[in-house]
Amino acid sequence: MRIVIQRVKRASVSVEEKVVGSIQKGFLVLIGVGQGDDEATADKYMKKLLGLRIFEDENGKMNLSVKETNGKILAVSQFTLLGDVRKGKRPSFTKAARPEEAQSLYRRVIENIISQGIDVEEGIFQEEMLVEIYNDGPVTILLDSNKKF
């Protein structure tokens with residue numbers, strides 16, 4: 001699983017020129033599900049995402065989570081995060097999970113976030129989307145179930 005988290009002042013996602021999800025302060029979360037990912041992986045990275053302390057406290061230190069700041073999450077599925085360009089110039093997506101598996105784990109992450117009392121807006125799975133991002137900082141964090149960072 002690869003997840004890109006961007007702290008945003010606002011963000012939105014549109015499909016066919018219609019906004020389908022929009023938030024103010026919070027996280028834009030791009031989620032790519034890979035082969036071999038499972039429910040345990042989804043649960044682990046959902047907890048990590050919600051625990052990230054990348055909002056500033058009263059002293060200007062990154063010390064607050066999205067929940068502590070009453071932030072929202074805009075989630076967007078993005079299989080291209082699994083693109084491999086180590087050989088050649090055209091990405092290979094063979095490491096991405098099949099759509100049925102990916103959608104199931106993506107939904108699990110979303111439902112678990114909602115169960116924690118955080119408002120979630122989202123794009124539409126497998127649709128061509130336009131994402132508008134007002135990155136705050138900019139602050140961008142990467143999570144990858146196959147890398148140790």
# chains A, B, ... in the order shown; residues from 1 in each chain; ligands from 1
>>> residues_around(residues="Thr69 in chain A", least_positions_apart="3", cutoff="10 Å", atoms="only C-alpha atoms", output="PyMOL selection string")
chain A and resi 25-26+55-57+64-66+72
>>> write_last_selection(atoms="N, CA and C atoms", output="tab-separated table (two decimals), in the first residue's frame")
chain	number	residue	atom	x	y	z
A	25	LYS	N	-9.50	22.69	5.74
A	25	LYS	CA	-8.31	22.23	6.45
A	25	LYS	C	-8.35	20.73	6.72
A	26	GLY	N	-7.24	20.05	6.40
A	26	GLY	CA	-7.15	18.62	6.66
A	26	GLY	C	-6.09	17.97	5.81
A	55	PHE	N	0.27	18.95	12.09
A	55	PHE	CA	-0.34	20.28	12.20
A	55	PHE	C	0.34	21.00	13.34
A	56	GLU	N	0.51	22.30	13.19
A	56	GLU	CA	1.23	23.08	14.19
A	56	GLU	C	0.39	23.35	15.43
A	57	ASP	N	1.05	23.30	16.58
A	57	ASP	CA	0.41	23.65	17.84
A	57	ASP	C	0.60	25.15	18.09
A	64	LEU	N	0.22	18.26	16.28
A	64	LEU	CA	-1.20	17.94	16.36
A	64	LEU	C	-1.63	17.05	15.19
A	65	SER	N	-2.57	16.15	15.47
A	65	SER	CA	-3.10	15.26	14.44
A	65	SER	C	-4.29	15.91	13.74
A	66	VAL	N	-4.76	15.27	12.69
A	66	VAL	CA	-5.91	15.78	11.95
A	66	VAL	C	-7.14	15.82	12.85
A	72	LYS	N	-10.48	17.53	8.21
A	72	LYS	CA	-11.23	16.55	7.42
A	72	LYS	C	-10.25	15.84	6.49
>>> residues_around(residues="range 110-116 of chain A", least_positions_apart="6", cutoff="12 Å", atoms="only C-alpha atoms", output="PyMOL selection string")
chain A and resi 29-31+39+42-51+66-68+70+72-77+103-104+122-123
>>> closest_residue(among="A:Ile118, A:Ser22, A:Asn59, A:Tyr106", to="Asp37 in chain A", atoms="only C-alpha atoms")
A:Tyr106
>>> atom_distance(atom1="CA of Val85 in chain A", atom2="CA of Val4 in chain A")
17.9 Å
>>> residues_around(residues="Asp84 in chain A", least_positions_apart="6", cutoff="12 Å", atoms="only C-alpha atoms", output="list of chain:residue names")
A:Gly34, A:Arg90, A:Pro91, A:Ser92, A:Phe93, A:Thr94, A:Lys95, A:Ala96
>>> write_last_selection(atoms="N, CA and C atoms", output="mmCIF file, in the first residue's frame")
data_model
loop_
_atom_site.group_PDB
_atom_site.id
_atom_site.type_symbol
_atom_site.label_atom_id
_atom_site.label_comp_id
_atom_site.auth_asym_id
_atom_site.auth_seq_id
_atom_site.Cartn_x
_atom_site.Cartn_y
_atom_site.Cartn_z
ATOM 1 N N GLY A 34 -1.539 -2.246 -3.329
ATOM 2 C CA GLY A 34 -0.670 -3.140 -4.075
ATOM 3 C C GLY A 34 -1.011 -4.604 -3.878
ATOM 4 N N ARG A 90 8.134 3.990 -19.552
ATOM 5 C CA ARG A 90 6.693 3.781 -19.451
ATOM 6 C C ARG A 90 6.426 3.004 -18.165
ATOM 7 N N PRO A 91 5.562 3.525 -17.282
ATOM 8 C CA PRO A 91 5.338 2.843 -16.009
ATOM 9 C C PRO A 91 4.682 1.479 -16.179
ATOM 10 N N SER A 92 5.113 0.561 -15.327
ATOM 11 C CA SER A 92 4.486 -0.752 -15.234
ATOM 12 C C SER A 92 3.621 -0.740 -13.976
ATOM 13 N N PHE A 93 2.412 -1.249 -14.101
ATOM 14 C CA PHE A 93 1.491 -1.267 -12.971
ATOM 15 C C PHE A 93 1.224 -2.691 -12.486
ATOM 16 N N THR A 94 2.155 -3.597 -12.745
ATOM 17 C CA THR A 94 1.956 -4.995 -12.375
ATOM 18 C C THR A 94 1.916 -5.198 -10.861
ATOM 19 N N LYS A 95 2.433 -4.278 -10.088
ATOM 20 C CA LYS A 95 2.425 -4.401 -8.619
ATOM 21 C C LYS A 95 1.120 -3.891 -7.999
ATOM 22 N N ALA A 96 0.277 -3.244 -8.791
ATOM 23 C CA ALA A 96 -0.998 -2.748 -8.279
ATOM 24 C C ALA A 96 -1.968 -3.921 -8.103
#
>>> atom_distance(atom1="CA of Thr80 in chain A", atom2="CA of Val131 in chain A")
14.2 Å
>>> closest_residue(among="A:Glu17, A:Glu128, A:Asp38, A:Asp144", to="Ala102 in chain A", atoms="only C-alpha atoms")
A:Asp38
>>> residues_around(residues="Asn135 in chain A", least_positions_apart="4", cutoff="7 Å", atoms="only C-alpha atoms", output="PyMOL selection string")
chain A and resi 6-9+139
>>> select_by_dssp(residues="chain A", states="alpha helix (DSSP H)", output="ChimeraX atom specification")
/A:39-51,99-115
>>> write_last_selection(atoms="N, CA, C and O atoms", output="CSV table (one decimal), in the first residue's frame")
chain,number,residue,atom,x,y,z
A,39,GLU,N,-6.1,-6.8,4.9
A,39,GLU,CA,-6.8,-6.0,5.9
A,39,GLU,C,-5.9,-5.4,7.0
A,39,GLU,O,-6.0,-4.3,7.4
A,40,ALA,N,-4.9,-6.3,7.4
A,40,ALA,CA,-4.0,-5.8,8.4
A,40,ALA,C,-3.1,-4.6,7.9
A,40,ALA,O,-2.9,-3.7,8.7
A,41,THR,N,-2.7,-4.7,6.7
A,41,THR,CA,-2.0,-3.6,6.1
A,41,THR,C,-2.9,-2.3,6.1
A,41,THR,O,-2.4,-1.2,6.5
A,42,ALA,N,-4.1,-2.4,5.6
A,42,ALA,CA,-5.0,-1.3,5.6
A,42,ALA,C,-5.2,-0.7,7.0
A,42,ALA,O,-5.2,0.5,7.2
A,43,ASP,N,-5.4,-1.6,8.0
A,43,ASP,CA,-5.6,-1.1,9.3
A,43,ASP,C,-4.4,-0.4,9.9
A,43,ASP,O,-4.5,0.7,10.5
A,44,LYS,N,-3.2,-1.0,9.6
A,44,LYS,CA,-2.0,-0.4,10.1
A,44,LYS,C,-1.8,1.0,9.6
A,44,LYS,O,-1.5,2.0,10.3
A,45,TYR,N,-2.0,1.2,8.3
A,45,TYR,CA,-1.7,2.5,7.7
A,45,TYR,C,-2.8,3.5,7.9
A,45,TYR,O,-2.5,4.7,8.0
A,46,MET,N,-4.0,3.0,8.2
A,46,MET,CA,-5.1,4.0,8.6
A,46,MET,C,-4.7,4.5,10.0
A,46,MET,O,-4.8,5.7,10.2
A,47,LYS,N,-4.3,3.7,10.9
A,47,LYS,CA,-3.9,4.2,12.2
A,47,LYS,C,-2.7,5.1,12.1
A,47,LYS,O,-2.6,6.2,12.8
A,48,LYS,N,-1.7,4.8,11.3
A,48,LYS,CA,-0.6,5.7,11.1
A,48,LYS,C,-1.0,7.0,10.6
A,48,LYS,O,-0.6,8.1,11.1
A,49,LEU,N,-1.8,7.0,9.6
A,49,LEU,CA,-2.4,8.3,9.0
A,49,LEU,C,-3.0,9.1,10.0
A,49,LEU,O,-2.8,10.3,10.1
A,50,LEU,N,-3.9,8.5,10.8
A,50,LEU,CA,-4.7,9.3,11.8
A,50,LEU,C,-3.8,9.8,13.0
A,50,LEU,O,-4.1,10.8,13.6
A,51,GLY,N,-2.7,9.1,13.2
A,51,GLY,CA,-1.8,9.5,14.3
A,51,GLY,C,-0.7,10.5,13.9
A,51,GLY,O,0.0,11.0,14.8
A,99,PRO,N,-8.5,-4.4,-9.4
A,99,PRO,CA,-9.5,-3.4,-8.9
A,99,PRO,C,-10.5,-3.9,-7.8
A,99,PRO,O,-10.7,-3.1,-6.9
A,100,GLU,N,-10.9,-5.1,-7.9
A,100,GLU,CA,-11.8,-5.6,-6.8
A,100,GLU,C,-11.2,-5.6,-5.5
A,100,GLU,O,-11.8,-5.2,-4.5
A,101,GLU,N,-9.9,-6.1,-5.4
A,101,GLU,CA,-9.2,-6.2,-4.2
A,101,GLU,C,-8.9,-4.7,-3.7
A,101,GLU,O,-9.0,-4.4,-2.5
A,102,ALA,N,-8.4,-3.9,-4.6
A,102,ALA,CA,-8.1,-2.5,-4.3
A,102,ALA,C,-9.3,-1.8,-3.7
A,102,ALA,O,-9.1,-1.1,-2.7
A,103,GLN,N,-10.4,-1.9,-4.3
A,103,GLN,CA,-11.6,-1.2,-3.9
A,103,GLN,C,-12.0,-1.7,-2.5
A,103,GLN,O,-12.4,-0.9,-1.6
A,104,SER,N,-11.9,-2.9,-2.2
A,104,SER,CA,-12.3,-3.5,-0.9
A,104,SER,C,-11.4,-2.9,0.2
A,104,SER,O,-11.9,-2.5,1.2
A,105,LEU,N,-10.1,-2.9,0.0
A,105,LEU,CA,-9.2,-2.3,1.0
A,105,LEU,C,-9.2,-0.8,1.1
A,105,LEU,O,-9.2,-0.3,2.2
A,106,TYR,N,-9.4,-0.2,0.0
A,106,TYR,CA,-9.7,1.3,0.0
A,106,TYR,C,-10.9,1.6,0.8
A,106,TYR,O,-10.8,2.5,1.7
A,107,ARG,N,-12.0,0.9,0.6
A,107,ARG,CA,-13.2,1.1,1.4
A,107,ARG,C,-13.0,0.8,2.9
A,107,ARG,O,-13.5,1.5,3.7
A,108,ARG,N,-12.2,-0.2,3.2
A,108,ARG,CA,-11.9,-0.5,4.6
A,108,ARG,C,-11.2,0.7,5.2
A,108,ARG,O,-11.5,1.1,6.4
A,109,VAL,N,-10.2,1.3,4.6
A,109,VAL,CA,-9.5,2.4,5.1
A,109,VAL,C,-10.5,3.6,5.4
A,109,VAL,O,-10.5,4.2,6.5
A,110,ILE,N,-11.3,3.9,4.4
A,110,ILE,CA,-12.3,5.0,4.5
A,110,ILE,C,-13.3,4.7,5.7
A,110,ILE,O,-13.5,5.6,6.5
A,111,GLU,N,-13.8,3.5,5.7
A,111,GLU,CA,-14.8,3.2,6.8
A,111,GLU,C,-14.2,3.3,8.2
A,111,GLU,O,-14.8,3.7,9.1
A,112,ASN,N,-12.9,2.8,8.3
A,112,ASN,CA,-12.2,2.9,9.6
A,112,ASN,C,-11.9,4.3,10.0
A,112,ASN,O,-12.0,4.7,11.2
A,113,ILE,N,-11.6,5.2,9.0
A,113,ILE,CA,-11.4,6.6,9.4
A,113,ILE,C,-12.7,7.2,9.9
A,113,ILE,O,-12.7,7.9,10.9
A,114,ILE,N,-13.8,7.0,9.1
A,114,ILE,CA,-15.1,7.5,9.5
A,114,ILE,C,-15.5,7.0,10.9
A,114,ILE,O,-16.0,7.8,11.8
A,115,SER,N,-15.1,5.7,11.2
A,115,SER,CA,-15.5,5.2,12.6
A,115,SER,C,-14.7,5.9,13.7
A,115,SER,O,-15.1,5.8,14.8
>>> residues_around(residues="Leu81 in chain A", least_positions_apart="4", cutoff="8 Å", atoms="only C-alpha atoms", output="mmCIF file with C-alpha atoms, in the first residue's frame")
data_model
loop_
_atom_site.group_PDB
_atom_site.id
_atom_site.type_symbol
_atom_site.label_atom_id
_atom_site.label_comp_id
_atom_site.auth_asym_id
_atom_site.auth_seq_id
_atom_site.Cartn_x
_atom_site.Cartn_y
_atom_site.Cartn_z
ATOM 1 C CA ARG A 2 1.293 3.419 -0.891
ATOM 2 C CA ILE A 3 -0.251 6.503 0.600
ATOM 3 C CA ILE A 31 -4.262 5.722 -1.716
ATOM 4 C CA GLY A 32 -2.730 3.056 -3.912
#
>>> select_by_dssp(residues="chain A", states="strand (DSSP E)", output="VMD selection string")
chain A and resid 2 to 15 18 to 23 26 to 32 55 to 56 62 to 64 72 to 77 120 to 122 130 to 144
